[in-house]
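*Asks:* Sharing start_27.pdb here; it has PDB, C-alpha atoms, pLDDT in the B column.
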ATOM      1  CA  MET N   1      20.346  -1.102  -1.265  1.00 90.00           C
ATOM      2  CA  ILE N   2      17.455  -3.193   0.026  1.00 94.00           C
ATOM      3  CA  ARG N   3      14.567  -3.642  -2.411  1.00 97.00           C
ATOM      4  CA  ALA N   4      11.226  -3.819  -0.598  1.00 97.00           C
ATOM      5  CA  LEU N   5       7.638  -4.094  -1.693  1.00 97.00           C
ATOM      6  CA  ILE N   6       5.592  -1.886   0.597  1.00 97.00           C
ATOM      7  CA  ASP N   7       2.197  -3.386   1.355  1.00 96.00           C
ATOM      8  CA  THR N   8      -0.993  -1.402   0.847  1.00 95.00           C
ATOM      9  CA  ASN N   9      -1.717  -1.236   4.575  1.00 95.00           C
ATOM     10  CA  VAL N  10       1.591   0.522   5.277  1.00 96.00           C
ATOM     11  CA  ILE N  11       0.928   3.145   2.615  1.00 96.00           C
ATOM     12  CA  LEU N  12      -2.599   3.670   3.922  1.00 96.00           C
ATOM     13  CA  ASP N  13      -1.196   4.206   7.423  1.00 96.00           C
ATOM     14  CA  ILE N  14       0.599   7.227   6.008  1.00 95.00           C
ATOM     15  CA  ALA N  15      -2.117   8.454   3.648  1.00 95.00           C
ATOM     16  CA  LEU N  16      -4.763   8.338   6.365  1.00 95.00           C
ATOM     17  CA  ASN N  17      -2.459   9.193   9.282  1.00 93.00           C
ATOM     18  CA  ARG N  18      -3.573   6.027  11.097  1.00 93.00           C
ATOM     19  CA  GLU N  19      -2.357   5.807  14.660  1.00 93.00           C
ATOM     20  CA  PRO N  20      -0.518   4.084  16.213  1.00 93.00           C
ATOM     21  CA  PHE N  21       0.946   2.821  12.923  1.00 93.00           C
ATOM     22  CA  PHE N  22       1.857   6.134  11.276  1.00 94.00           C
ATOM     23  CA  LYS N  23       5.162   6.579  13.125  1.00 92.00           C
ATOM     24  CA  TYR N  24       6.888   3.399  11.952  1.00 92.00           C
ATOM     25  CA  SER N  25       5.238   3.369   8.533  1.00 93.00           C
ATOM     26  CA  SER N  26       6.501   6.871   7.819  1.00 91.00           C
ATOM     27  CA  MET N  27      10.007   5.876   8.984  1.00 91.00           C
ATOM     28  CA  ILE N  28      10.154   3.510   6.009  1.00 92.00           C
ATOM     29  CA  PHE N  29      10.243   6.575   3.772  1.00 91.00           C
ATOM     30  CA  ASP N  30      13.108   8.032   5.819  1.00 89.00           C
ATOM     31  CA  ARG N  31      15.098   4.949   4.820  1.00 90.00           C
ATOM     32  CA  ILE N  32      14.174   5.535   1.177  1.00 91.00           C
ATOM     33  CA  ASP N  33      15.437   9.128   1.535  1.00 90.00           C
ATOM     34  CA  ASP N  34      18.642   7.773   3.136  1.00 87.00           C
ATOM     35  CA  GLN N  35      19.060   5.433   0.109  1.00 88.00           C
ATOM     36  CA  ILE N  36      19.109   2.375   2.346  1.00 89.00           C
ATOM     37  CA  LEU N  37      15.818   1.173   0.919  1.00 93.00           C
ATOM     38  CA  GLU N  38      14.361   1.166  -2.574  1.00 96.00           C
ATOM     39  CA  GLY N  39      10.574   1.047  -2.326  1.00 97.00           C
ATOM     40  CA  PHE N  40       8.115  -0.621  -4.661  1.00 98.00           C
ATOM     41  CA  ILE N  41       4.349  -0.959  -4.805  1.00 97.00           C
ATOM     42  CA  THR N  42       2.146  -2.956  -7.142  1.00 96.00           C
ATOM     43  CA  ALA N  43      -0.116  -1.229  -9.635  1.00 94.00           C
ATOM     44  CA  SER N  44      -3.101  -2.944  -8.011  1.00 93.00           C
ATOM     45  CA  SER N  45      -2.175  -1.403  -4.661  1.00 95.00           C
ATOM     46  CA  ILE N  46      -2.347   2.033  -6.273  1.00 96.00           C
ATOM     47  CA  THR N  47      -5.985   1.498  -7.194  1.00 94.00           C
ATOM     48  CA  ASP N  48      -6.789   0.110  -3.727  1.00 95.00           C
ATOM     49  CA  ILE N  49      -5.131   3.089  -2.038  1.00 96.00           C
ATOM     50  CA  TYR N  50      -6.987   5.539  -4.263  1.00 96.00           C
ATOM     51  CA  TYR N  51     -10.331   3.882  -3.577  1.00 96.00           C
ATOM     52  CA  ILE N  52      -9.894   3.745   0.215  1.00 95.00           C
ATOM     53  CA  ALA N  53      -8.279   7.189   0.580  1.00 95.00           C
ATOM     54  CA  SER N  54     -10.887   8.875  -1.623  1.00 94.00           C
ATOM     55  CA  LYS N  55     -13.667   7.393   0.527  1.00 93.00           C
ATOM     56  CA  GLN N  56     -12.072   8.413   3.832  1.00 90.00           C
ATOM     57  CA  LYS N  57     -10.770  11.792   2.645  1.00 89.00           C
ATOM     58  CA  ASP N  58     -11.675  12.944  -0.863  1.00 91.00           C
ATOM     59  CA  LYS N  59     -10.655  12.299  -4.469  1.00 94.00           C
ATOM     60  CA  PHE N  60      -8.460  15.393  -4.705  1.00 94.00           C
ATOM     61  CA  GLN N  61      -6.436  14.467  -1.600  1.00 93.00           C
ATOM     62  CA  ALA N  62      -6.182  10.832  -2.729  1.00 95.00           C
ATOM     63  CA  ARG N  63      -4.811  11.873  -6.131  1.00 96.00           C
ATOM     64  CA  LYS N  64      -2.424  14.389  -4.581  1.00 96.00           C
ATOM     65  CA  PHE N  65      -1.103  11.732  -2.187  1.00 96.00           C
ATOM     66  CA  LEU N  66      -0.588   9.199  -4.997  1.00 97.00           C
ATOM     67  CA  ILE N  67       1.197  11.738  -7.191  1.00 96.00           C
ATOM     68  CA  SER N  68       3.607  12.390  -4.301  1.00 95.00           C
ATOM     69  CA  LEU N  69       3.968   8.672  -3.590  1.00 96.00           C
ATOM     70  CA  ILE N  70       4.993   7.690  -7.105  1.00 96.00           C
ATOM     71  CA  GLN N  71       7.704  10.351  -7.060  1.00 95.00           C
ATOM     72  CA  ILE N  72       9.341   8.361  -4.240  1.00 95.00           C
ATOM     73  CA  ILE N  73       8.658   4.685  -4.980  1.00 96.00           C
ATOM     74  CA  GLU N  74       8.456   2.553  -8.101  1.00 97.00           C
ATOM     75  CA  VAL N  75       5.199   1.050  -9.347  1.00 97.00           C
ATOM     76  CA  ILE N  76       5.544  -2.514 -10.602  1.00 97.00           C
ATOM     77  CA  GLY N  77       3.164  -4.077 -13.059  1.00 93.00           C
ATOM     78  CA  ILE N  78       1.036  -7.151 -12.888  1.00 95.00           C
ATOM     79  CA  ASP N  79       0.795  -9.357 -15.928  1.00 96.00           C
ATOM     80  CA  LYS N  80      -0.977 -12.550 -16.913  1.00 97.00           C
ATOM     81  CA  ASP N  81       1.825 -14.794 -15.584  1.00 97.00           C
ATOM     82  CA  ILE N  82       1.681 -13.147 -12.154  1.00 97.00           C
ATOM     83  CA  VAL N  83      -2.105 -13.509 -12.038  1.00 97.00           C
ATOM     84  CA  ILE N  84      -1.874 -17.188 -12.982  1.00 97.00           C
ATOM     85  CA  GLN N  85       0.809 -17.844 -10.354  1.00 97.00           C
ATOM     86  CA  ALA N  86      -1.313 -16.093  -7.718  1.00 96.00           C
ATOM     87  CA  LEU N  87      -4.440 -18.024  -8.700  1.00 96.00           C
ATOM     88  CA  GLU N  88      -2.582 -21.339  -8.632  1.00 96.00           C
ATOM     89  CA  SER N  89      -0.784 -20.649  -5.367  1.00 94.00           C
ATOM     90  CA  GLU N  90      -1.899 -22.006  -2.037  1.00 91.00           C
ATOM     91  CA  MET N  91      -1.914 -18.565  -0.457  1.00 92.00           C
ATOM     92  CA  PRO N  92      -5.365 -17.941   1.018  1.00 91.00           C
ATOM     93  CA  ASP N  93      -5.447 -14.219   0.141  1.00 92.00           C
ATOM     94  CA  PHE N  94      -5.388 -13.480  -3.590  1.00 94.00           C
ATOM     95  CA  GLU N  95      -4.224  -9.866  -3.155  1.00 92.00           C
ATOM     96  CA  ASP N  96      -1.274 -11.018  -1.033  1.00 94.00           C
ATOM     97  CA  ALA N  97      -0.423 -13.661  -3.630  1.00 95.00           C
ATOM     98  CA  ILE N  98      -0.383 -10.990  -6.349  1.00 96.00           C
ATOM     99  CA  GLN N  99       2.044  -8.975  -4.250  1.00 95.00           C
ATOM    100  CA  VAL N 100       4.301 -11.973  -3.591  1.00 96.00           C
ATOM    101  CA  PHE N 101       4.573 -13.032  -7.222  1.00 97.00           C
ATOM    102  CA  SER N 102       5.035  -9.424  -8.355  1.00 97.00           C
ATOM    103  CA  ALA N 103       7.837  -9.054  -5.818  1.00 97.00           C
ATOM    104  CA  LYS N 104       9.485 -12.311  -6.879  1.00 97.00           C
ATOM    105  CA  SER N 105       9.321 -11.434 -10.570  1.00 96.00           C
ATOM    106  CA  ASN N 106      11.017  -8.099  -9.830  1.00 97.00           C
ATOM    107  CA  SER N 107      13.809  -9.509  -7.623  1.00 96.00           C
ATOM    108  CA  ILE N 108      12.521  -7.729  -4.532  1.00 97.00           C
ATOM    109  CA  ASP N 109      14.172  -8.713  -1.250  1.00 96.00           C
ATOM    110  CA  LEU N 110      11.308  -8.409   1.214  1.00 96.00           C
ATOM    111  CA  ILE N 111       7.799  -7.205   1.880  1.00 97.00           C
ATOM    112  CA  ILE N 112       7.088  -4.547   4.490  1.00 97.00           C
ATOM    113  CA  THR N 113       3.611  -5.126   5.888  1.00 96.00           C
ATOM    114  CA  ARG N 114       1.650  -4.978   9.103  1.00 94.00           C
ATOM    115  CA  ASN N 115       0.309  -8.470   8.319  1.00 92.00           C
ATOM    116  CA  VAL N 116       3.478 -10.576   8.392  1.00 94.00           C
ATOM    117  CA  ALA N 117       1.532 -13.762   9.107  1.00 92.00           C
ATOM    118  CA  ASP N 118      -0.230 -13.433   5.736  1.00 91.00           C
ATOM    119  CA  PHE N 119       3.129 -13.947   4.014  1.00 92.00           C
ATOM    120  CA  ALA N 120       4.506 -16.713   6.259  1.00 90.00           C
ATOM    121  CA  SER N 121       4.252 -19.484   3.656  1.00 87.00           C
ATOM    122  CA  SER N 122       4.997 -17.294   0.636  1.00 90.00           C
ATOM    123  CA  GLY N 123       8.731 -17.835   0.386  1.00 90.00           C
ATOM    124  CA  MET N 124       9.252 -14.091   0.826  1.00 93.00           C
ATOM    125  CA  ASN N 125      10.782 -12.452   3.859  1.00 94.00           C
ATOM    126  CA  ALA N 126       8.234 -10.092   5.443  1.00 96.00           C
ATOM    127  CA  LEU N 127       8.766  -7.539   8.201  1.00 96.00           C
ATOM    128  CA  THR N 128       6.514  -5.044   9.912  1.00 96.00           C
ATOM    129  CA  PRO N 129       7.549  -1.399   9.631  1.00 95.00           C
ATOM    130  CA  GLN N 130       8.577  -1.569  13.305  1.00 93.00           C
ATOM    131  CA  GLU N 131      10.673  -4.720  12.762  1.00 93.00           C
ATOM    132  CA  PHE N 132      12.323  -3.133   9.742  1.00 92.00           C
ATOM    133  CA  SER N 133      13.024   0.016  11.757  1.00 86.00           C
ATOM    134  CA  GLN N 134      14.586  -1.975  14.592  1.00 84.00           C
ATOM    135  CA  LYS N 135      16.595  -4.197  12.259  1.00 83.00           C
ATOM    136  CA  PHE N 136      18.058  -1.208  10.472  1.00 75.00           C
ATOM    137  CA  ASP N 137      18.400   0.878  13.648  1.00 67.00           C
ATOM    138  CA  ILE N 138      16.151   3.766  12.744  1.00 55.00           C
ATOM    139  CA  PRO N 139      16.234   6.250  15.647  1.00 54.00           C
ATOM    140  CA  ARG N 140      12.927   6.578  17.477  1.00 47.00           C
TER
END
Starting from the coordinates I provided, produce the structure as structure tokens.
*Replies:*
Amino acid sequence: MIRALIDTNVILDIALNREPFFKYSSMIFDRIDDQILEGFITASSITDIYYIASKQKDKFQARKFLISLIQIIEVIGIDKDIVIQALESEMPDFEDAIQVFSAKSNSIDLIITRNVADFASSGMNALTPQEFSQKFDIPR
């Protein structure tokens, strides 16, 4: 089974039904259901998703979405070592660095994100939801 960290933007595509991204982002969860993919998200992404979803929808819907989400994917923690690695890294985006070092410390295979370029120098394989779908032949 492939272990993938799912970036905040992919989850928000689903939570907020953002087109044209919703289709491929939601297909990621079909692969989790098929047990081809094991999904992970960082604890910091949970707070970001709650904040953004509660502003664009409401707090009740944001909480309901997150309760459903954590039934399907695993939440991985962030500790002092991960924060230090992210701060000392040369990655320009601190949030992305947190995700990379969290993924590495949890033996995660790849990151699924709409911003692949942000992870180019991270040492982690990153794919868009569409690339992942095509690579693993998800029917369209």
*Asks:* If we count only C-alpha atoms and set the cut-off at 10 Å, which residues sit around Ser44 in chain N, ignoring sequence neighbours fewer than 5 positions away in its own chain? Please answer as a PyMOL selection string.
*Replies:* chain N and resi 8+49+75-78+95+98-99
*Asks:* Would you mind listing what lies within 10 Å of range 127-136 of chain N as a PyMOL selection string, with only C-alpha atoms counted and same-chain residues fewer than 5 positions away left out?
*Replies:* chain N and resi 4+6-7+10+21-28+30-31+36+110-117+119
*Asks:* Is there a way to get, as a count of residues only, all residues within 10 Å of the point (3.0, -15.7, -12.0) in file coordinates, counting all atoms listed in the file?
*Replies:* 19
*Asks:* Go through N:Ala62, N:Met124, N:Asp96, N:Asp34 and flag the residue nearest Thr47 in chain N, using all atoms listed in the file for the distances.
*Replies:* N:Ala62
*Asks:* Tell me, in Å to one decimal, how far CA of Asp33 in chain N is from CA of Ile72 in chain N.
*Replies:* 8.4 Å
*Asks:* Just checking: using only C-alpha atoms, which residue out of N:Ala120, N:Ile32, N:Ile73, N:Ile67 ends up closest to Met91 in chain N?
*Replies:*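 Using only C-alpha atoms, Met91 in chain N sits closest to N:Ala120.
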*Asks:* Can you measure CA of Leu37 in chain N to CA of Lys64 in chain N for me? One decimal in Å is fine.
*Replies:*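 Straight-line distance from CA of Leu37 in chain N to CA of Lys64 in chain N works out to 23.2 Å.
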*Asks:* Measure the distance from CA of Tyr51 in chain N to CA of Ala103 in chain N in Å and round it to one decimal.
*Replies:*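 A separation of 22.4 Å between them.
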*Asks:* Which residue out of N:Asp118, N:Glu74, N:Asp13, N:Asp109 has the minimum interatomic distance to Glu90 in chain N when only C-alpha atoms are used?
*Replies:*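 Counting only C-alpha atoms, the residue closest to Glu90 in chain N is N:Asp118.
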